[in-house]
Structures are given as C-alpha cells and as structure tokens.
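Remarks on the structure that follows.
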Amino acid sequence: MANVMEHIGSRIRLYRLAKDWTQEQLADVINSTGSYIGQLERGEKNFRIQTLVKIADALEISVFSLIGNEDHGDRLQETWVWESLTLILQQDESKRRKIYRIIREILADD
C-alpha cells in the first residue's frame with residue numbers, strides 16, 4: 001500500500017510543480033494545509049477519494065492521471081526519473097527551456 005501512496009504522491013507533486021504551485025497554494029485551493037499536502041506527496045498519509053478528486057480538480061487533471069501510469073510503464077517507478085522531473089519543474093521557464101534544448105541535443109547525437 002505504501003508504494004501506491006508514494007506513486008500517487010509523486011504524481012501530485014509532479015502536477016503541482018508543473019503549475020508552479022507551492023504545497024500551500026494547492027492546500028488553499030482544496031481547503032487543507034501545506035503540511036498535509038507534503039505528507040500526501042511523500043506517501044506518508046492515506047487520503048480519501050474525495051480528497052483525491054479535489055486535488056485533481058484543483059490541478060485541472062483527471063483522477064486517473066494521478067493514479068495510473070499505463071502509458072509510461074515501469075519508467076515512472078524509478079525514483080531518479082521523478083527526482084529529475086521535480087528538479088526541472090522547480091526551475092523558472094528560462095532554465096526549463098535551456099534544459100530541454102540540452103536534452104534534445106544530447107539525444108540527437110545518438
């Protein structure tokens with residue numbers, strides 16, 4: 001069960017950072033606290049389905065986007081992938097664009 005909670009928590013973090021929101025900003029939208037959002041993102045807390053629906057609505061995604069990974073297979077289970085995406089999304093737009101160009105250049109060499 002903990003692995004499922006960590007998976008969903010990681011996806012919440014990813015989508016939250018994609019919107020450039022802090023944990024407190026997401027918490028405000030769903031009438032919660034930033035510390036609770038942090039606990040969810042780390043997989044430390046169980047949550048009700050209603051909470052998951054509120055979070056998905058706030059992030060403007062489907063609940064299935066938070067739960068499933070059918071399109072990505074086991075790649076999203078790897079911690080370093082999530083950590084890399086989190087680091088990239090924490091940067092300002094200018095840096096994210098630079099990172100994207102670097103990645104494209106590296107992959108073009110293959």
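A note on labels: chains of the structure tokens are A, B, ... as shown, every chain counts residues from 1, and ligands are counted from 1 in their shown order.
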DSSP-assigned helix (DSSP H, G or I) members of range 4-88 of chain A, reported as a PyMOL selection string = chain A and resi 4-18+23-29+34-41+49-59+63-67+73-77+79-88
Pick out the residues sitting within 9 Å of Ser35 in chain A, and hand them over as a PyMOL selection string; count only C-alpha atoms, and ignore anything fewer than 5 positions along from it in its own chain.
-> chain A and resi 23-24+27+40
Could you please take those selected residues and save N, CA, C and O atoms as a JSON list (two decimals), in the first residue's frame?
```json
[["chain", "number", "residue", "atom", "x", "y", "z"],
["A", 23, "GLN", "N", 3.10, 23.87, -2.10],
["A", 23, "GLN", "CA", 2.18, 22.98, -1.38],
["A", 23, "GLN", "C", 1.08, 23.80, -0.72],
["A", 23, "GLN", "O", -0.09, 23.39, -0.69],
["A", 24, "GLU", "N", 1.42, 24.96, -0.22],
["A", 24, "GLU", "CA", 0.44, 25.82, 0.44],
["A", 24, "GLU", "C", -0.61, 26.33, -0.54],
["A", 24, "GLU", "O", -1.79, 26.43, -0.19],
["A", 27, "ALA", "N", -2.94, 23.54, -1.18],
["A", 27, "ALA", "CA", -3.73, 23.34, 0.04],
["A", 27, "ALA", "C", -4.84, 24.38, 0.16],
["A", 27, "ALA", "O", -5.97, 24.05, 0.53],
["A", 40, "LEU", "N", 1.06, 13.85, 1.90],
["A", 40, "LEU", "CA", 0.49, 13.07, 0.79],
["A", 40, "LEU", "C", 1.55, 12.84, -0.29],
["A", 40, "LEU", "O", 1.70, 11.73, -0.79]]
```
Quick one: residues within 12 Å of Arg96 in chain A, only C-alpha atoms counted, chain neighbours fewer than 5 positions away excluded, as a PyMOL selection string?
-> chain A and resi 18+84-91+101-103
Could the residues in this selection be saved with N, CA and C atoms as a PDB file, in the first residue's frame?
```pdb
ATOM      1  N   ALA A  18       4.253  21.430 -12.018  1.00  0.00           N
ATOM      2  CA  ALA A  18       4.002  21.835 -13.407  1.00  0.00           C
ATOM      3  C   ALA A  18       3.159  23.107 -13.462  1.00  0.00           C
ATOM      4  N   SER A  84      14.359  13.884 -11.155  1.00  0.00           N
ATOM      5  CA  SER A  84      14.799  14.711 -12.281  1.00  0.00           C
ATOM      6  C   SER A  84      13.675  15.631 -12.753  1.00  0.00           C
ATOM      7  N   LEU A  85      12.492  15.071 -12.922  1.00  0.00           N
ATOM      8  CA  LEU A  85      11.352  15.885 -13.347  1.00  0.00           C
ATOM      9  C   LEU A  85      11.025  16.962 -12.324  1.00  0.00           C
ATOM     10  N   THR A  86      11.095  16.609 -11.066  1.00  0.00           N
ATOM     11  CA  THR A  86      10.828  17.576 -10.000  1.00  0.00           C
ATOM     12  C   THR A  86      11.837  18.716 -10.045  1.00  0.00           C
ATOM     13  N   LEU A  87      13.103  18.379 -10.184  1.00  0.00           N
ATOM     14  CA  LEU A  87      14.140  19.416 -10.264  1.00  0.00           C
ATOM     15  C   LEU A  87      13.914  20.337 -11.455  1.00  0.00           C
ATOM     16  N   ILE A  88      13.600  19.766 -12.591  1.00  0.00           N
ATOM     17  CA  ILE A  88      13.367  20.576 -13.792  1.00  0.00           C
ATOM     18  C   ILE A  88      12.177  21.496 -13.595  1.00  0.00           C
ATOM     19  N   LEU A  89      11.086  20.965 -13.060  1.00  0.00           N
ATOM     20  CA  LEU A  89       9.876  21.765 -12.899  1.00  0.00           C
ATOM     21  C   LEU A  89      10.012  22.856 -11.847  1.00  0.00           C
ATOM     22  N   GLN A  90      10.981  22.729 -10.969  1.00  0.00           N
ATOM     23  CA  GLN A  90      11.203  23.749  -9.947  1.00  0.00           C
ATOM     24  C   GLN A  90      11.939  24.970 -10.498  1.00  0.00           C
ATOM     25  N   GLN A  91      12.484  24.855 -11.696  1.00  0.00           N
ATOM     26  CA  GLN A  91      13.240  25.950 -12.296  1.00  0.00           C
ATOM     27  C   GLN A  91      12.290  26.937 -12.970  1.00  0.00           C
ATOM     28  N   ARG A 101      16.537  22.111 -24.374  1.00  0.00           N
ATOM     29  CA  ARG A 101      17.442  22.179 -25.539  1.00  0.00           C
ATOM     30  C   ARG A 101      18.648  21.268 -25.343  1.00  0.00           C
ATOM     31  N   ILE A 102      19.185  21.234 -24.142  1.00  0.00           N
ATOM     32  CA  ILE A 102      20.335  20.364 -23.853  1.00  0.00           C
ATOM     33  C   ILE A 102      19.954  18.901 -24.018  1.00  0.00           C
ATOM     34  N   ILE A 103      18.819  18.526 -23.487  1.00  0.00           N
ATOM     35  CA  ILE A 103      18.376  17.124 -23.601  1.00  0.00           C
ATOM     36  C   ILE A 103      18.170  16.763 -25.066  1.00  0.00           C
TER      37      ILE A 103
END
```
So, counting only C-alpha atoms, which residue among A:Leu66, A:Val81, A:Leu26, A:Leu107 is closest to Ile12 in chain A?
-> A:Leu66
Shell of 12 Å around range 50-55 of chain A, only C-alpha atoms, local chain residues under 5 positions omitted, as a PyMOL selection string | chain A and resi 5+8-9+11-13+15-16+23+25-32+36-37+40-41+45+60-67
Record the distance separating CA of Gln39 in chain A and CA of Glu6 in chain A, expressed in Å with one decimal.
-> 9.8 Å
From A:Ile106, A:Ile49, A:Ile99, A:Leu59, residue lying nearest Leu14 in chain A [only C-alpha atoms] =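 Closest to Leu14 in chain A of all the choices is A:Leu59.
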So what do you get for CA of Val4 in chain A versus CA of Thr33 in chain A, distance-wise?
->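 A separation of 21.9 Å between them.
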